[in-house]
>>> print(open('upload_10.txt').read())   # compact mmCIF, C-alpha atoms
# COMPACT_ATOMS: atom_id res chain seq x y z
CA MET X 1 -26.59 -148.78 135.38
CA LYS X 2 -23.07 -148.00 136.59
CA ILE X 3 -20.35 -149.97 134.78
CA TYR X 4 -17.17 -150.98 136.63
CA ASN X 5 -14.12 -152.29 134.78
CA ASN X 6 -11.99 -154.11 137.37
CA VAL X 7 -12.37 -151.32 139.91
CA LYS X 8 -13.77 -151.18 143.43
CA LEU X 9 -17.45 -150.45 143.83
CA ASN X 10 -18.55 -147.20 145.32
CA ARG X 11 -20.15 -147.34 148.75
CA ASN X 12 -23.73 -147.29 147.40
CA HIS X 13 -23.23 -150.59 145.58
CA LEU X 14 -21.69 -152.62 148.40
CA ASN X 15 -23.73 -155.21 150.39
CA SER X 16 -25.70 -156.11 147.29
CA VAL X 17 -27.41 -158.97 145.44
CA ILE X 18 -25.18 -160.20 142.62
CA ALA X 19 -25.59 -162.65 139.73
CA ILE X 20 -22.37 -164.06 138.23
CA GLY X 21 -21.92 -165.60 134.78
CA ASN X 22 -20.82 -165.19 131.18
CA PHE X 23 -24.43 -164.48 130.18
CA ASP X 24 -23.57 -165.01 126.52
CA GLY X 25 -26.85 -164.66 124.66
CA LEU X 26 -28.91 -163.76 127.73
CA HIS X 27 -31.30 -166.61 126.91
CA LEU X 28 -34.34 -167.62 128.98
CA GLY X 29 -32.13 -169.51 131.46
CA HIS X 30 -30.04 -166.41 132.10
CA GLN X 31 -33.17 -164.28 132.31
CA LYS X 32 -34.53 -166.60 135.02
CA VAL X 33 -31.37 -166.14 137.13
CA LEU X 34 -31.47 -162.35 136.70
CA ASN X 35 -35.16 -162.04 137.48
CA GLU X 36 -34.82 -164.10 140.67
CA ALA X 37 -31.83 -162.03 141.81
CA LYS X 38 -33.68 -158.81 140.97
CA GLN X 39 -36.71 -159.87 143.04
CA LYS X 40 -34.48 -160.72 146.01
CA ALA X 41 -32.82 -157.29 145.79
CA LYS X 42 -36.24 -155.63 145.69
CA ARG X 43 -37.51 -157.56 148.73
CA LYS X 44 -34.34 -156.91 150.75
CA ARG X 45 -33.99 -153.33 149.50
CA LEU X 46 -30.43 -153.95 148.35
CA PRO X 47 -28.51 -152.88 145.22
CA PHE X 48 -28.66 -155.36 142.32
CA GLY X 49 -25.64 -156.09 140.12
CA VAL X 50 -24.03 -158.53 137.71
CA ILE X 51 -20.46 -159.80 137.38
CA THR X 52 -19.48 -160.93 133.90
CA PHE X 53 -16.23 -161.62 132.03
CA GLU X 54 -14.57 -160.26 128.90
CA PRO X 55 -13.56 -161.95 126.69
CA VAL X 56 -15.70 -165.08 127.05
CA PRO X 57 -13.31 -167.44 128.93
CA VAL X 58 -13.42 -170.26 126.37
CA MET X 59 -12.13 -167.83 123.71
CA PHE X 60 -9.28 -166.80 126.01
CA PHE X 61 -8.18 -170.38 126.65
CA ASP X 62 -8.51 -171.61 123.06
CA LYS X 63 -7.26 -169.06 120.55
CA LYS X 64 -8.49 -171.28 117.68
CA ILE X 65 -12.08 -170.51 118.66
CA LYS X 66 -12.86 -167.41 116.62
CA ASN X 67 -16.62 -167.51 116.08
CA HIS X 68 -18.32 -168.28 119.36
CA ARG X 69 -20.29 -165.34 120.71
CA ILE X 70 -24.07 -165.16 120.64
CA ASN X 71 -23.91 -161.45 121.40
CA SER X 72 -21.21 -158.79 121.53
CA LEU X 73 -20.21 -157.08 124.77
CA GLU X 74 -22.07 -153.92 123.70
CA GLN X 75 -25.23 -155.92 123.02
CA LYS X 76 -24.88 -157.63 126.39
CA LYS X 77 -24.65 -154.24 128.13
CA LEU X 78 -27.78 -152.99 126.36
CA MET X 79 -29.75 -156.13 127.20
CA LEU X 80 -28.68 -156.05 130.85
CA LYS X 81 -30.00 -152.48 131.11
CA ILE X 82 -33.49 -153.91 130.56
CA PHE X 83 -33.17 -155.69 133.92
CA LYS X 84 -32.58 -152.33 135.60
CA LEU X 85 -29.28 -153.26 137.21
CA ASP X 86 -27.76 -150.80 139.63
CA PHE X 87 -24.31 -151.83 138.43
CA LEU X 88 -22.37 -154.13 136.10
CA ILE X 89 -18.85 -155.39 136.85
CA ILE X 90 -16.88 -156.44 133.76
CA ILE X 91 -13.84 -158.49 134.77
CA LYS X 92 -11.04 -158.63 132.24
CA PHE X 93 -10.35 -162.32 131.67
CA ASN X 94 -6.59 -162.44 131.18
CA LYS X 95 -3.64 -164.61 132.22
CA GLU X 96 -3.41 -163.07 135.67
CA PHE X 97 -7.12 -163.52 136.40
CA SER X 98 -7.21 -167.07 135.00
CA SER X 99 -4.49 -168.11 137.49
CA LEU X 100 -6.57 -166.96 140.48
CA SER X 101 -7.58 -169.91 142.68
CA ALA X 102 -11.25 -170.47 143.46
CA GLU X 103 -10.65 -169.44 147.10
CA LYS X 104 -8.88 -166.22 146.03
CA PHE X 105 -11.70 -165.47 143.59
CA ILE X 106 -14.17 -165.59 146.47
CA GLU X 107 -11.92 -163.51 148.73
CA LYS X 108 -10.80 -160.86 146.22
CA ILE X 109 -13.82 -160.53 143.95
CA ILE X 110 -16.91 -161.59 145.87
CA TYR X 111 -15.84 -160.38 149.32
CA LYS X 112 -13.35 -157.53 148.99
CA LYS X 113 -14.73 -156.08 145.76
CA THR X 114 -18.47 -156.31 146.44
CA LYS X 115 -19.14 -157.52 150.01
CA CYS X 116 -22.30 -158.99 148.53
CA LYS X 117 -25.05 -160.45 150.72
CA TYR X 118 -26.68 -162.77 148.16
CA LEU X 119 -24.92 -164.48 145.29
CA TYR X 120 -26.88 -166.02 142.40
CA VAL X 121 -25.25 -168.58 140.09
CA SER X 122 -26.43 -171.41 137.84
CA LYS X 123 -26.06 -175.02 138.96
CA ASN X 124 -23.09 -175.71 136.64
CA PHE X 125 -21.13 -172.54 137.52
CA ARG X 126 -17.35 -173.14 137.56
CA PHE X 127 -14.67 -170.64 138.49
CA GLY X 128 -11.07 -170.19 139.58
CA PHE X 129 -7.84 -171.79 138.37
CA LYS X 130 -8.57 -174.79 136.13
CA ARG X 131 -12.28 -174.31 136.92
CA ARG X 132 -11.81 -176.04 140.27
CA GLY X 133 -14.40 -173.90 142.05
CA ASN X 134 -18.08 -174.87 142.00
CA ILE X 135 -21.26 -174.32 144.00
CA GLN X 136 -19.91 -176.49 146.84
CA THR X 137 -16.87 -174.20 147.09
CA LEU X 138 -19.13 -171.15 147.28
CA LYS X 139 -21.21 -172.83 150.00
CA LYS X 140 -18.08 -173.64 152.02
CA PHE X 141 -17.07 -169.98 152.38
CA GLU X 142 -20.53 -168.48 153.01
CA LYS X 143 -20.11 -167.88 156.76
CA LEU X 144 -16.51 -166.66 156.52
CA TYR X 145 -17.35 -163.95 153.97
CA GLY X 146 -20.93 -163.18 154.99
CA TYR X 147 -22.89 -164.01 151.84
CA LYS X 148 -25.60 -166.53 151.00
CA ASN X 149 -25.15 -168.55 147.81
CA ILE X 150 -28.37 -169.20 145.88
CA ILE X 151 -28.46 -171.74 143.05
CA THR X 152 -31.25 -171.21 140.56
CA LYS X 153 -32.95 -174.21 139.02
CA PRO X 154 -32.27 -174.60 135.28
CA PHE X 155 -34.87 -173.22 132.89
CA LYS X 156 -36.48 -175.93 130.79
CA LYS X 157 -38.40 -175.65 127.54
CA ASN X 158 -40.04 -178.81 126.18
CA ASN X 159 -38.25 -180.77 128.96
CA ARG X 160 -34.85 -179.55 127.73
CA ILE X 161 -32.52 -177.29 129.68
CA ILE X 162 -31.80 -174.08 127.80
CA SER X 163 -28.08 -173.26 127.58
CA SER X 164 -25.76 -171.07 125.49
CA THR X 165 -24.30 -174.26 123.97
CA ILE X 166 -27.72 -175.33 122.68
CA VAL X 167 -28.44 -171.83 121.33
CA ARG X 168 -25.12 -171.86 119.40
CA LYS X 169 -25.91 -175.29 117.91
CA LYS X 170 -29.33 -174.08 116.76
CA ILE X 171 -27.79 -170.94 115.17
CA ARG X 172 -25.26 -173.07 113.28
CA LYS X 173 -28.10 -175.24 111.97
CA GLY X 174 -30.15 -172.24 110.85
CA LYS X 175 -32.99 -173.06 113.25
CA ILE X 176 -33.69 -169.40 113.88
CA ASN X 177 -37.30 -169.91 114.99
CA GLU X 178 -36.10 -172.07 117.88
CA VAL X 179 -33.20 -169.71 118.67
CA ASN X 180 -35.57 -166.75 118.93
CA LYS X 181 -37.86 -168.69 121.26
CA PHE X 182 -34.91 -169.59 123.51
CA LEU X 183 -33.82 -165.93 123.61
CA ASN X 184 -37.34 -164.49 123.82
CA ARG X 185 -36.29 -162.03 121.10
CA ASN X 186 -34.83 -162.10 117.59
CA TRP X 187 -31.14 -163.05 117.53
CA SER X 188 -29.04 -160.30 115.99
CA ILE X 189 -25.64 -159.35 114.65
CA GLU X 190 -24.42 -155.77 115.06
CA GLY X 191 -21.62 -154.15 113.12
CA LYS X 192 -20.30 -151.30 111.03
CA VAL X 193 -21.17 -151.37 107.33
CA ILE X 194 -18.06 -151.98 105.23
CA THR X 195 -17.36 -151.14 101.60
CA GLY X 196 -17.87 -154.10 99.26
CA ARG X 197 -17.41 -154.53 95.52
CA LYS X 198 -20.90 -153.12 94.88
CA ARG X 199 -21.92 -156.16 92.82
CA GLY X 200 -25.34 -156.22 94.46
CA ARG X 201 -25.95 -152.66 93.31
CA LYS X 202 -24.97 -153.60 89.75
CA ILE X 203 -27.66 -156.31 89.57
CA GLY X 204 -30.30 -154.13 91.22
CA PHE X 205 -30.05 -155.32 94.83
CA PRO X 206 -27.68 -153.09 96.83
CA THR X 207 -26.50 -154.58 100.11
CA CYS X 208 -25.01 -153.46 103.40
CA ASN X 209 -22.10 -155.74 104.25
CA LEU X 210 -20.97 -156.71 107.75
CA LYS X 211 -18.10 -158.90 108.93
CA LEU X 212 -19.11 -161.53 111.48
CA HIS X 213 -16.04 -160.96 113.69
CA SER X 214 -16.41 -163.22 116.78
CA TYR X 215 -20.12 -164.03 116.36
CA VAL X 216 -21.12 -167.68 116.04
CA ILE X 217 -21.56 -168.40 112.30
CA PRO X 218 -25.16 -169.17 111.36
CA ARG X 219 -26.01 -171.72 108.69
CA LEU X 220 -24.89 -170.30 105.35
CA GLY X 221 -27.83 -169.09 103.34
CA VAL X 222 -30.63 -166.58 103.01
CA TYR X 223 -32.71 -165.17 105.89
CA SER X 224 -35.60 -162.76 106.28
CA VAL X 225 -34.43 -160.04 108.66
CA ARG X 226 -35.30 -156.76 110.33
CA VAL X 227 -32.66 -154.03 110.30
CA LYS X 228 -32.27 -151.31 112.87
CA SER X 229 -30.01 -148.26 112.77
CA LYS X 230 -29.90 -144.84 114.35
CA TYR X 231 -32.03 -143.62 111.45
CA PHE X 232 -34.59 -146.34 110.71
CA ILE X 233 -36.09 -149.78 111.38
CA LYS X 234 -36.81 -151.70 108.18
CA ASN X 235 -37.39 -155.22 106.95
CA GLY X 236 -34.91 -156.87 104.62
CA ILE X 237 -33.22 -159.99 103.38
CA SER X 238 -29.74 -161.23 104.29
CA ASN X 239 -27.28 -163.70 102.88
CA VAL X 240 -24.63 -165.25 105.12
CA GLY X 241 -21.88 -166.79 103.03
CA TYR X 242 -18.99 -166.55 100.63
CA ARG X 243 -20.93 -165.49 97.48
CA PRO X 244 -19.97 -168.57 95.38
CA THR X 245 -21.49 -167.11 92.18
CA PHE X 246 -18.86 -164.35 92.45
CA ASN X 247 -16.13 -166.80 93.63
CA GLY X 248 -16.00 -164.96 96.94
CA GLN X 249 -13.37 -165.86 99.53
CA ASN X 250 -14.43 -163.93 102.62
CA LEU X 251 -17.42 -164.70 104.82
CA LEU X 252 -19.89 -161.81 104.92
CA LEU X 253 -23.36 -160.92 106.09
CA GLU X 254 -24.94 -159.08 103.12
CA THR X 255 -28.26 -157.36 103.70
CA ASN X 256 -30.67 -155.83 101.21
CA ILE X 257 -32.84 -153.39 103.19
CA PHE X 258 -36.33 -152.82 101.79
CA GLY X 259 -37.25 -149.21 101.09
CA ILE X 260 -33.83 -147.69 101.80
CA ASN X 261 -31.67 -145.95 99.21
CA ARG X 262 -28.91 -144.16 101.06
CA ASN X 263 -25.19 -144.47 101.78
CA LEU X 264 -24.72 -146.43 105.01
CA TYR X 265 -20.96 -147.05 104.83
CA ASN X 266 -19.32 -146.87 108.28
CA LYS X 267 -22.76 -146.65 109.92
CA VAL X 268 -23.62 -149.16 112.65
CA ILE X 269 -26.60 -151.40 111.94
CA THR X 270 -28.17 -154.35 113.77
CA VAL X 271 -29.53 -157.24 111.71
CA TYR X 272 -32.25 -159.25 113.49
CA PHE X 273 -32.73 -162.76 112.10
CA LYS X 274 -36.38 -163.77 111.67
CA LYS X 275 -36.51 -166.86 109.44
CA PHE X 276 -34.22 -169.13 107.40
CA ILE X 277 -35.30 -169.12 103.74
CA ARG X 278 -32.81 -171.31 101.86
CA PRO X 279 -29.17 -172.53 101.86
CA GLU X 280 -26.49 -170.63 99.96
CA LYS X 281 -25.81 -171.99 96.47
CA LYS X 282 -23.83 -171.18 93.33
CA PHE X 283 -25.72 -170.03 90.24
CA LYS X 284 -24.73 -170.38 86.57
CA ASP X 285 -24.65 -166.65 86.05
CA PHE X 286 -26.00 -163.34 87.33
CA LYS X 287 -29.28 -163.81 85.45
CA PHE X 288 -30.19 -166.90 87.48
CA LEU X 289 -28.99 -165.27 90.71
CA LYS X 290 -31.13 -162.18 90.06
CA LYS X 291 -34.20 -164.35 89.43
CA GLN X 292 -33.64 -166.24 92.69
CA ILE X 293 -33.13 -163.05 94.70
CA LYS X 294 -36.52 -161.78 93.49
CA LEU X 295 -38.13 -165.02 94.70
CA ASP X 296 -36.28 -164.79 98.04
CA ILE X 297 -37.50 -161.21 98.53
CA GLN X 298 -41.09 -162.25 97.82
CA GLN X 299 -40.82 -165.00 100.42
CA ALA X 300 -39.16 -162.70 102.96
CA LYS X 301 -41.92 -160.10 102.53
CA LYS X 302 -44.57 -162.75 103.19
>>> encode(input="upload_10.txt", output="structure tokens")
Amino acid sequence: MKIYNNVKLNRNHLNSVIAIGNFDGLHLGHQKVLNEAKQKAKRKRLPFGVITFEPVPVMFFDKKIKNHRINSLEQKKLMLKIFKLDFLIIIKFNKEFSSLSAEKFIEKIIYKKTKCKYLYVSKNFRFGFKRRGNIQTLKKFEKLYGYKNIITKPFKKNNRIISSTIVRKKIRKGKINEVNKFLNRNWSIEGKVITGRKRGRKIGFPTCNLKLHSYVIPRLGVYSVRVKSKYFIKNGISNVGYRPTFNGQNLLLETNIFGINRNLYNKVITVYFKKFIRPEKKFKDFKFLKKQIKLDIQQAKK
């Protein structure tokens, strides 16, 4: 998969089949769009690519939105590789790009940059200055720029359309079972292990701590998890919260990895959420906390 950052495609990737979107989370709805585009490319013997945006536009327009992403850009790249793209175009979403009219977006990006033959978008796709462009706008310019716009039908599960908005709501409510079904995989947070105050180690449960950065914040509490690194894949237990028993102030993802006793500071790990166990709560003292952690671990191991 060749990655382009705001640069022209090489000759081999022109006249292609392209899917456009934020693809935050790459849920079943996104997967449907990508699979349909991939099949078209295969039938027509054309290159297959994706256009996506960085940062996620809503985070560019509203600086107050800090925790929004279902996956990081690096995770998105890795997941897109599974679809065997020929190329990925990452468009930097900045002030200059946001002021581009819908018509100029079609001319400069879709036509001049890619000369694509087939363009796949979801029904609610909006683009251009003040989001004035839509599927009707794309249809209007088909003949002029030589592409065919294809709108995929929304993916429904239990008669409900799957969207990134719904996935975020479910994450915030701790409904991880539903989230994982919508994604067709375990939702995960990836990050570099930071140095904590080593309180977990003192009470017999050492943890690897991650900051949540721009990830959507899951319901505060304890989860059974699976942890992957360059060196291992292990089960574990995580707490998302402020550590009220220790009067903590900063939000952290703390993970106790089963069967690992090694220094992981500054190492990158991915924590896959499997099941919500209980909400975060404050305990009288460390003795009560330690007792509860033992119970949580038993439940997680089950």
>>> residues_around(input="upload_10.txt", residues="Gly259 of chain X", least_positions_apart="2", cutoff="10 Å", atoms="only C-alpha atoms", output="number ranges by chain")
X: 234-236, 256-257, 261-262
>>> axis_aligned_box(input="upload_10.txt", around="segment 60-64 of chain X", padding_each_side="8 Å", output="lines of an AutoDock Vina configuration file")
center_x = -8.3
center_y = -169.2
center_z = 122.2
size_x = 18.0
size_y = 20.8
size_z = 25.0
>>> closest_atom_pairs(input="upload_10.txt", of="segment 87-137 of chain X", to="segment 15-35 of chain X", cutoff="7 Å", atoms="all atoms listed in the file", output="JSON lines")
{"residue": "X:Thr114", "atom": "CA", "partner": "X:Asn15", "partner_atom": "CA", "distance": 6.7}
{"residue": "X:Lys115", "atom": "CA", "partner": "X:Asn15", "partner_atom": "CA", "distance": 5.2}
{"residue": "X:Cys116", "atom": "CA", "partner": "X:Asn15", "partner_atom": "CA", "distance": 4.4}
{"residue": "X:Lys117", "atom": "CA", "partner": "X:Asn15", "partner_atom": "CA", "distance": 5.4}
{"residue": "X:Tyr118", "atom": "CA", "partner": "X:Val17", "partner_atom": "CA", "distance": 4.7}
{"residue": "X:Leu119", "atom": "CA", "partner": "X:Ile18", "partner_atom": "CA", "distance": 5.1}
{"residue": "X:Tyr120", "atom": "CA", "partner": "X:Ala19", "partner_atom": "CA", "distance": 4.5}
{"residue": "X:Val121", "atom": "CA", "partner": "X:Ile20", "partner_atom": "CA", "distance": 5.7}
>>> closest_residue(input="upload_10.txt", among="X:Lys2, X:Lys148, X:Lys63, X:Arg172", to="Gly49 of chain X", atoms="all atoms listed in the file")
X:Lys2
>>> closest_residue(input="upload_10.txt", among="X:Lys123, X:Gln39, X:Ser98, X:Val216", to="Lys84 of chain X", atoms="only C-alpha atoms")
X:Gln39
>>> closest_residue(input="upload_10.txt", among="X:Lys274, X:Lys169, X:Lys157, X:Lys228", to="Phe182 of chain X", atoms="all atoms listed in the file")
X:Lys157
>>> atom_distance(input="upload_10.txt", atom1="atom CA of Ile297 of chain X", atom2="atom CA of Leu253 of chain X")
16.0 Å
>>> atom_distance(input="upload_10.txt", atom1="atom CA of Glu74 of chain X", atom2="atom CA of Asn12 of chain X")
24.7 Å
>>> residues_near_point(input="upload_10.txt", point="(-19.3, -149.1, 136.9)", cutoff="7 Å", atoms="only C-alpha atoms", output="list in words")
Lys2, Ile3, Tyr4, Asn5, Phe87, Leu88 and Ile89 of chain X
>>> atom_distance(input="upload_10.txt", atom1="atom CA of Leu100 of chain X", atom2="atom CA of Val58 of chain X")
16.0 Å
>>> closest_residue(input="upload_10.txt", among="X:Tyr231, X:Phe60, X:Phe105, X:Phe53", to="Ile90 of chain X", atoms="only C-alpha atoms")
X:Phe53
>>> closest_residue(input="upload_10.txt", among="X:Ala300, X:Met59, X:Ala41, X:Leu251", to="Asn209 of chain X", atoms="only C-alpha atoms")
X:Leu251
>>> closest_residue(input="upload_10.txt", among="X:Lys77, X:Ile150, X:Ile135, X:Ser72", to="Thr270 of chain X", atoms="all atoms listed in the file")
X:Ser72
>>> residues_near_point(input="upload_10.txt", point="(-38.7, -156.0, 124.1)", cutoff="12 Å", atoms="only C-alpha atoms", output="list in words")
Leu78, Met79, Lys81, Ile82, Phe83, Leu183, Asn184, Arg185 and Asn186 of chain X
